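File shown: coords_21.cif (mmCIF, C-alpha atoms).
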data_protein
loop_
_atom_site.label_atom_id
_atom_site.label_comp_id
_atom_site.auth_asym_id
_atom_site.auth_seq_id
_atom_site.Cartn_x
_atom_site.Cartn_y
_atom_site.Cartn_z
CA MET A 1 3.20 -18.66 -14.69
CA ASN A 2 5.47 -15.62 -14.26
CA LEU A 3 6.92 -15.59 -10.73
CA ARG A 4 9.18 -12.87 -9.33
CA THR A 5 11.09 -12.83 -6.04
CA GLY A 6 12.18 -9.83 -4.05
CA GLN A 7 14.06 -9.18 -0.85
CA GLY A 8 13.92 -6.33 1.61
CA ILE A 9 15.88 -5.26 4.65
CA ASP A 10 15.43 -2.44 7.12
CA PHE A 11 17.24 -1.22 10.22
CA HIS A 12 16.31 1.34 12.86
CA ARG A 13 17.96 2.66 15.96
CA LEU A 14 16.04 2.23 19.21
CA ALA A 15 15.42 4.90 21.85
CA GLU A 16 13.59 5.03 25.16
CA GLY A 17 10.14 6.53 25.30
CA ARG A 18 9.15 5.64 21.72
CA GLU A 19 6.54 3.17 20.51
CA LEU A 20 7.70 -0.16 19.05
CA TRP A 21 5.64 -1.14 16.00
CA LEU A 22 6.35 -4.46 14.27
CA GLY A 23 4.17 -5.93 11.53
CA GLY A 24 1.48 -3.36 12.26
CA VAL A 25 1.26 -4.39 15.92
CA LEU A 26 2.17 -2.18 18.88
CA ILE A 27 4.59 -4.18 21.04
CA PRO A 28 4.76 -3.29 24.75
CA SER A 29 8.28 -1.96 25.27
CA ASP A 30 10.20 0.82 27.01
CA PHE A 31 11.85 1.70 23.70
CA GLY A 32 10.95 2.00 20.05
CA CYS A 33 12.33 3.00 16.67
CA ILE A 34 13.78 6.36 15.73
CA ALA A 35 12.33 7.02 12.28
CA HIS A 36 10.59 9.52 10.00
CA SER A 37 7.52 7.24 10.00
CA ASP A 38 6.37 5.01 12.86
CA GLY A 39 9.54 2.95 12.25
CA ASP A 40 7.92 -0.44 11.61
CA VAL A 41 11.01 -2.23 10.25
CA LEU A 42 9.07 -5.38 9.39
CA ILE A 43 6.55 -3.60 7.20
CA HIS A 44 9.31 -1.50 5.63
CA ALA A 45 11.29 -4.63 4.71
CA VAL A 46 8.14 -6.23 3.26
CA CYS A 47 7.39 -3.10 1.18
CA ASP A 48 10.95 -3.10 -0.17
CA ALA A 49 10.71 -6.80 -1.04
CA MET A 50 7.39 -6.34 -2.84
CA LEU A 51 8.58 -3.33 -4.81
CA GLY A 52 11.85 -5.06 -5.66
CA ALA A 53 10.12 -8.18 -6.91
CA ALA A 54 7.99 -6.03 -9.20
CA GLY A 55 11.05 -4.09 -10.41
CA LEU A 56 9.62 -0.86 -9.02
CA GLY A 57 12.45 0.50 -6.89
CA ASP A 58 12.26 0.71 -3.13
CA ILE A 59 10.26 2.27 -0.33
CA GLY A 60 12.36 5.44 -0.40
CA CYS A 61 11.49 6.03 -4.07
CA HIS A 62 7.77 5.86 -3.40
CA PHE A 63 7.59 7.29 0.14
CA PRO A 64 10.67 9.53 0.64
CA ASP A 65 11.60 10.42 4.20
CA ILE A 66 12.12 14.04 3.15
CA ASP A 67 8.41 14.37 2.29
CA PRO A 68 6.40 15.83 5.21
CA GLU A 69 3.40 13.72 4.09
CA TYR A 70 5.15 10.68 5.54
CA LYS A 71 6.23 12.22 8.86
CA ASN A 72 5.02 9.83 11.62
CA ILE A 73 2.87 7.93 9.09
CA ASP A 74 1.43 4.59 10.12
CA SER A 75 3.41 2.00 8.17
CA LYS A 76 0.24 -0.01 7.61
CA ILE A 77 -0.75 2.80 5.22
CA LEU A 78 2.57 2.37 3.39
CA LEU A 79 1.93 -1.37 3.09
CA GLU A 80 -1.56 -0.76 1.73
CA ARG A 81 -0.22 1.73 -0.81
CA THR A 82 2.59 -0.64 -1.80
CA SER A 83 0.05 -3.39 -2.35
CA GLY A 84 -1.89 -1.03 -4.62
CA ILE A 85 1.23 -0.13 -6.57
CA ILE A 86 2.15 -3.74 -7.32
CA SER A 87 -1.47 -4.57 -8.16
CA ARG A 88 -1.65 -1.69 -10.66
CA HIS A 89 1.46 -3.14 -12.29
CA GLY A 90 -0.23 -6.51 -12.69
CA PHE A 91 1.26 -8.42 -9.75
CA ARG A 92 -0.36 -10.37 -6.95
CA LEU A 93 1.31 -11.51 -3.75
CA VAL A 94 1.91 -15.25 -3.41
CA ASN A 95 3.71 -15.30 -0.06
CA ILE A 96 6.06 -13.52 2.34
CA ASP A 97 8.81 -14.96 4.50
CA SER A 98 10.31 -12.55 7.03
CA THR A 99 12.55 -12.39 10.08
CA VAL A 100 12.84 -9.75 12.81
CA CYS A 101 16.15 -9.56 14.66
CA LEU A 102 15.73 -7.88 18.04
CA GLU A 103 17.39 -8.61 21.37
CA LYS A 104 14.42 -7.56 23.50
CA PRO A 105 11.54 -7.60 24.05
CA LYS A 106 10.65 -11.12 23.01
CA ILE A 107 8.04 -10.89 20.26
CA ALA A 108 6.99 -14.49 19.56
CA ALA A 109 3.61 -14.02 21.26
CA TYR A 110 2.79 -11.16 18.86
CA ILE A 111 3.64 -12.96 15.63
CA PRO A 112 0.11 -14.35 15.00
CA ASP A 113 -1.26 -10.79 15.26
CA MET A 114 1.44 -9.47 12.90
CA ARG A 115 0.55 -12.13 10.34
CA THR A 116 -3.17 -11.36 10.65
CA VAL A 117 -2.71 -7.59 10.36
CA MET A 118 -0.44 -7.78 7.32
CA ALA A 119 -2.64 -10.43 5.65
CA SER A 120 -5.74 -8.28 6.04
CA ILE A 121 -3.99 -5.29 4.46
CA LEU A 122 -2.59 -7.40 1.61
CA GLY A 123 -5.84 -9.27 0.86
CA THR A 124 -4.45 -12.70 1.63
CA THR A 125 -4.52 -15.18 4.50
CA PRO A 126 -2.10 -15.36 7.42
CA ASP A 127 -0.98 -18.75 6.04
CA ASN A 128 0.74 -16.84 3.21
CA ILE A 129 2.77 -14.70 5.62
CA SER A 130 5.62 -16.07 7.70
CA VAL A 131 7.18 -13.99 10.47
CA LYS A 132 10.09 -15.37 12.48
CA ALA A 133 11.99 -13.82 15.37
CA THR A 134 15.61 -14.13 16.39
CA THR A 135 18.20 -12.31 18.46
CA ALA A 136 21.76 -11.31 17.67
CA GLU A 137 23.07 -13.38 20.62
CA LYS A 138 24.28 -10.15 22.29
CA LEU A 139 26.50 -9.34 19.27
CA GLY A 140 26.76 -5.91 17.66
CA PHE A 141 24.35 -2.99 17.84
CA ILE A 142 21.31 -5.27 17.84
CA GLY A 143 22.77 -7.43 20.59
CA ARG A 144 23.45 -4.35 22.71
CA GLY A 145 19.79 -3.32 22.34
CA GLU A 146 20.61 -0.27 20.21
CA GLY A 147 18.65 -1.30 17.13
CA VAL A 148 16.38 -3.69 15.30
CA MET A 149 16.53 -5.25 11.84
CA ALA A 150 14.01 -7.01 9.64
CA LEU A 151 14.48 -9.10 6.50
CA ALA A 152 11.74 -10.08 4.07
CA ALA A 153 11.49 -12.22 0.96
CA VAL A 154 8.39 -12.20 -1.21
CA LEU A 155 7.07 -14.13 -4.15
CA LEU A 156 4.85 -12.28 -6.61
CA GLU A 157 2.96 -13.62 -9.58
CA LYS A 158 2.56 -11.50 -12.71
CA GLN A 159 -1.04 -11.65 -13.82
CA HIS A 160 -1.79 -12.46 -17.45
CA HIS A 161 -3.89 -9.32 -17.75
CA GLN A 162 -3.85 -5.91 -16.14
CA PRO A 163 -6.48 -5.41 -13.41
CA GLY A 164 -9.52 -3.59 -14.75
CA THR A 165 -8.99 -4.70 -18.37
CA ALA A 166 -10.86 -7.31 -20.39
CA GLN A 167 -9.44 -10.80 -20.35
#
Show me the file's structure as structure tokens.
Amino acid sequence: MNLRTGQGIDFHRLAEGRELWLGGVLIPSDFGCIAHSDGDVLIHAVCDAMLGAAGLGDIGCHFPDIDPEYKNIDSKILLERTSGIISRHGFRLVNIDSTVCLEKPKIAAYIPDMRTVMASILGTTPDNISVKATTAEKLGFIGRGEGVMALAAVLLEKQHHQPGTAQ
């Protein structure tokens, strides 16, 4: 068995009047992320972790924020494309462990939906996706409500054959 781990991290500033997307779920909030895409830090961290585990760079290499194609793009599309990239390189997702650090709003009630949404995109079950939430205990830019951060770790398995080839 050939297992590979990867880690990802993403940060975004928060601003009033924007939508807050986390794990593909719209979270009711008076503020959301300032970003080229929809600013879903959780999905961005997961994409970086998946690409890193496969040795394929990072989200910026594949979906640059200077490309107008990705302006305001739904990050679920980026996750689907990232899944396709790793699959074409012979990897399959084993599991994800992730953490969102955000002072407010509280997001625990939305975690089951985040796990379900990401699992459906990645072709796995919610049991293979862990999402945790924490605060910064009022410390720093996150604690002041100025930003959000997400961390992700993934485990990939390298398949013994390339998809679409004879075994």
- Can you give me, as a PyMOL selection string, the residues this file yields under the PyMOL selection byres ((chain A and resi 59-72) around 10)? chain A and resi 8+35-39+44-52+56-58+73-75+77-79+81-82+85
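Residue nearest Ile86 in chain A, chosen from A:Ile27, A:Leu22, A:Leu155, A:Met149 and counting all atoms listed in the file: A:Leu155.
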Show which residues sit within 7 Å of Thr5 in chain A, as a compact mmCIF listing (two decimals) with C-alpha atoms, keeping the file's coordinate frame. Count all atoms listed in the file, and ignore same-chain residues fewer than 5 positions away.
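Wrote around26.txt, looks like this:
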# COMPACT_ATOMS: atom_id res chain seq x y z
CA ALA A 53 10.12 -8.18 -6.91
CA VAL A 154 8.39 -12.20 -1.21
CA LEU A 155 7.07 -14.13 -4.15
CA LEU A 156 4.85 -12.28 -6.61
- For each of A:Ser98, A:Gln159, A:Ser83, A:Ser120, take the minimum atom-to-atom distance to Ala133 in chain A, counting all atoms listed in the file, then give the residue where this is smallest.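 Between A:Ser98, A:Gln159, A:Ser83, A:Ser120, the residue approaching Ala133 in chain A most closely is A:Ser98.
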- Straight-line distance linking CA of Thr135 in chain A with CA of Val148 in chain A, stated in Å to one decimal: 9.4 Å
Missing atoms of range 54-75 of chain A rebuilt to N, CA and C atoms, written as a PDB file, keeping the file's coordinate frame:
ATOM      1  N   ALA A  54       8.707  -6.590  -8.054  1.00  0.00           N
ATOM      2  CA  ALA A  54       7.990  -6.030  -9.200  1.00  0.00           C
ATOM      3  C   ALA A  54       8.880  -5.144 -10.076  1.00  0.00           C
ATOM      4  N   GLY A  55      10.131  -4.944  -9.647  1.00  0.00           N
ATOM      5  CA  GLY A  55      11.050  -4.090 -10.410  1.00  0.00           C
ATOM      6  C   GLY A  55      10.689  -2.623 -10.316  1.00  0.00           C
ATOM      7  N   LEU A  56      10.145  -2.217  -9.175  1.00  0.00           N
ATOM      8  CA  LEU A  56       9.620  -0.860  -9.020  1.00  0.00           C
ATOM      9  C   LEU A  56      10.382  -0.027  -7.991  1.00  0.00           C
ATOM     10  N   GLY A  57      11.660  -0.308  -7.806  1.00  0.00           N
ATOM     11  CA  GLY A  57      12.450   0.500  -6.890  1.00  0.00           C
ATOM     12  C   GLY A  57      12.306   0.047  -5.449  1.00  0.00           C
ATOM     13  N   ASP A  58      12.330   1.029  -4.552  1.00  0.00           N
ATOM     14  CA  ASP A  58      12.260   0.710  -3.130  1.00  0.00           C
ATOM     15  C   ASP A  58      11.332   1.680  -2.407  1.00  0.00           C
ATOM     16  N   ILE A  59      11.185   1.471  -1.129  1.00  0.00           N
ATOM     17  CA  ILE A  59      10.260   2.270  -0.330  1.00  0.00           C
ATOM     18  C   ILE A  59      10.622   3.751  -0.344  1.00  0.00           C
ATOM     19  N   GLY A  60      11.926   4.046  -0.373  1.00  0.00           N
ATOM     20  CA  GLY A  60      12.360   5.440  -0.400  1.00  0.00           C
ATOM     21  C   GLY A  60      11.995   6.159  -1.690  1.00  0.00           C
ATOM     22  N   CYS A  61      11.911   5.429  -2.795  1.00  0.00           N
ATOM     23  CA  CYS A  61      11.490   6.030  -4.070  1.00  0.00           C
ATOM     24  C   CYS A  61      10.031   6.450  -4.035  1.00  0.00           C
ATOM     25  N   HIS A  62       9.211   5.631  -3.408  1.00  0.00           N
ATOM     26  CA  HIS A  62       7.770   5.860  -3.400  1.00  0.00           C
ATOM     27  C   HIS A  62       7.297   6.707  -2.224  1.00  0.00           C
ATOM     28  N   PHE A  63       7.995   6.607  -1.089  1.00  0.00           N
ATOM     29  CA  PHE A  63       7.590   7.290   0.140  1.00  0.00           C
ATOM     30  C   PHE A  63       8.828   7.938   0.781  1.00  0.00           C
ATOM     31  N   PRO A  64       9.398   8.969   0.157  1.00  0.00           N
ATOM     32  CA  PRO A  64      10.670   9.530   0.640  1.00  0.00           C
ATOM     33  C   PRO A  64      10.558  10.137   2.036  1.00  0.00           C
ATOM     34  N   ASP A  65      11.614   9.915   2.824  1.00  0.00           N
ATOM     35  CA  ASP A  65      11.600  10.420   4.200  1.00  0.00           C
ATOM     36  C   ASP A  65      11.846  11.930   4.286  1.00  0.00           C
ATOM     37  N   ILE A  66      12.018  12.569   3.145  1.00  0.00           N
ATOM     38  CA  ILE A  66      12.120  14.040   3.150  1.00  0.00           C
ATOM     39  C   ILE A  66      10.765  14.693   2.871  1.00  0.00           C
ATOM     40  N   ASP A  67       9.757  13.867   2.576  1.00  0.00           N
ATOM     41  CA  ASP A  67       8.410  14.370   2.290  1.00  0.00           C
ATOM     42  C   ASP A  67       7.623  14.469   3.594  1.00  0.00           C
ATOM     43  N   PRO A  68       7.156  15.667   3.952  1.00  0.00           N
ATOM     44  CA  PRO A  68       6.400  15.830   5.210  1.00  0.00           C
ATOM     45  C   PRO A  68       5.125  14.988   5.262  1.00  0.00           C
ATOM     46  N   GLU A  69       4.606  14.565   4.114  1.00  0.00           N
ATOM     47  CA  GLU A  69       3.400  13.720   4.090  1.00  0.00           C
ATOM     48  C   GLU A  69       3.621  12.424   4.874  1.00  0.00           C
ATOM     49  N   TYR A  70       4.864  11.967   4.914  1.00  0.00           N
ATOM     50  CA  TYR A  70       5.150  10.680   5.540  1.00  0.00           C
ATOM     51  C   TYR A  70       5.685  10.798   6.966  1.00  0.00           C
ATOM     52  N   LYS A  71       5.755  12.014   7.494  1.00  0.00           N
ATOM     53  CA  LYS A  71       6.230  12.220   8.860  1.00  0.00           C
ATOM     54  C   LYS A  71       5.263  11.523   9.826  1.00  0.00           C
ATOM     55  N   ASN A  72       5.781  10.591  10.608  1.00  0.00           N
ATOM     56  CA  ASN A  72       5.020   9.830  11.620  1.00  0.00           C
ATOM     57  C   ASN A  72       3.892   8.995  11.019  1.00  0.00           C
ATOM     58  N   ILE A  73       3.947   8.699   9.714  1.00  0.00           N
ATOM     59  CA  ILE A  73       2.870   7.930   9.090  1.00  0.00           C
ATOM     60  C   ILE A  73       2.838   6.503   9.632  1.00  0.00           C
ATOM     61  N   ASP A  74       1.658   5.979   9.738  1.00  0.00           N
ATOM     62  CA  ASP A  74       1.430   4.590  10.120  1.00  0.00           C
ATOM     63  C   ASP A  74       1.916   3.711   8.971  1.00  0.00           C
ATOM     64  N   SER A  75       2.847   2.834   9.236  1.00  0.00           N
ATOM     65  CA  SER A  75       3.410   2.000   8.170  1.00  0.00           C
ATOM     66  C   SER A  75       2.393   1.063   7.544  1.00  0.00           C
TER      67      SER A  75
END
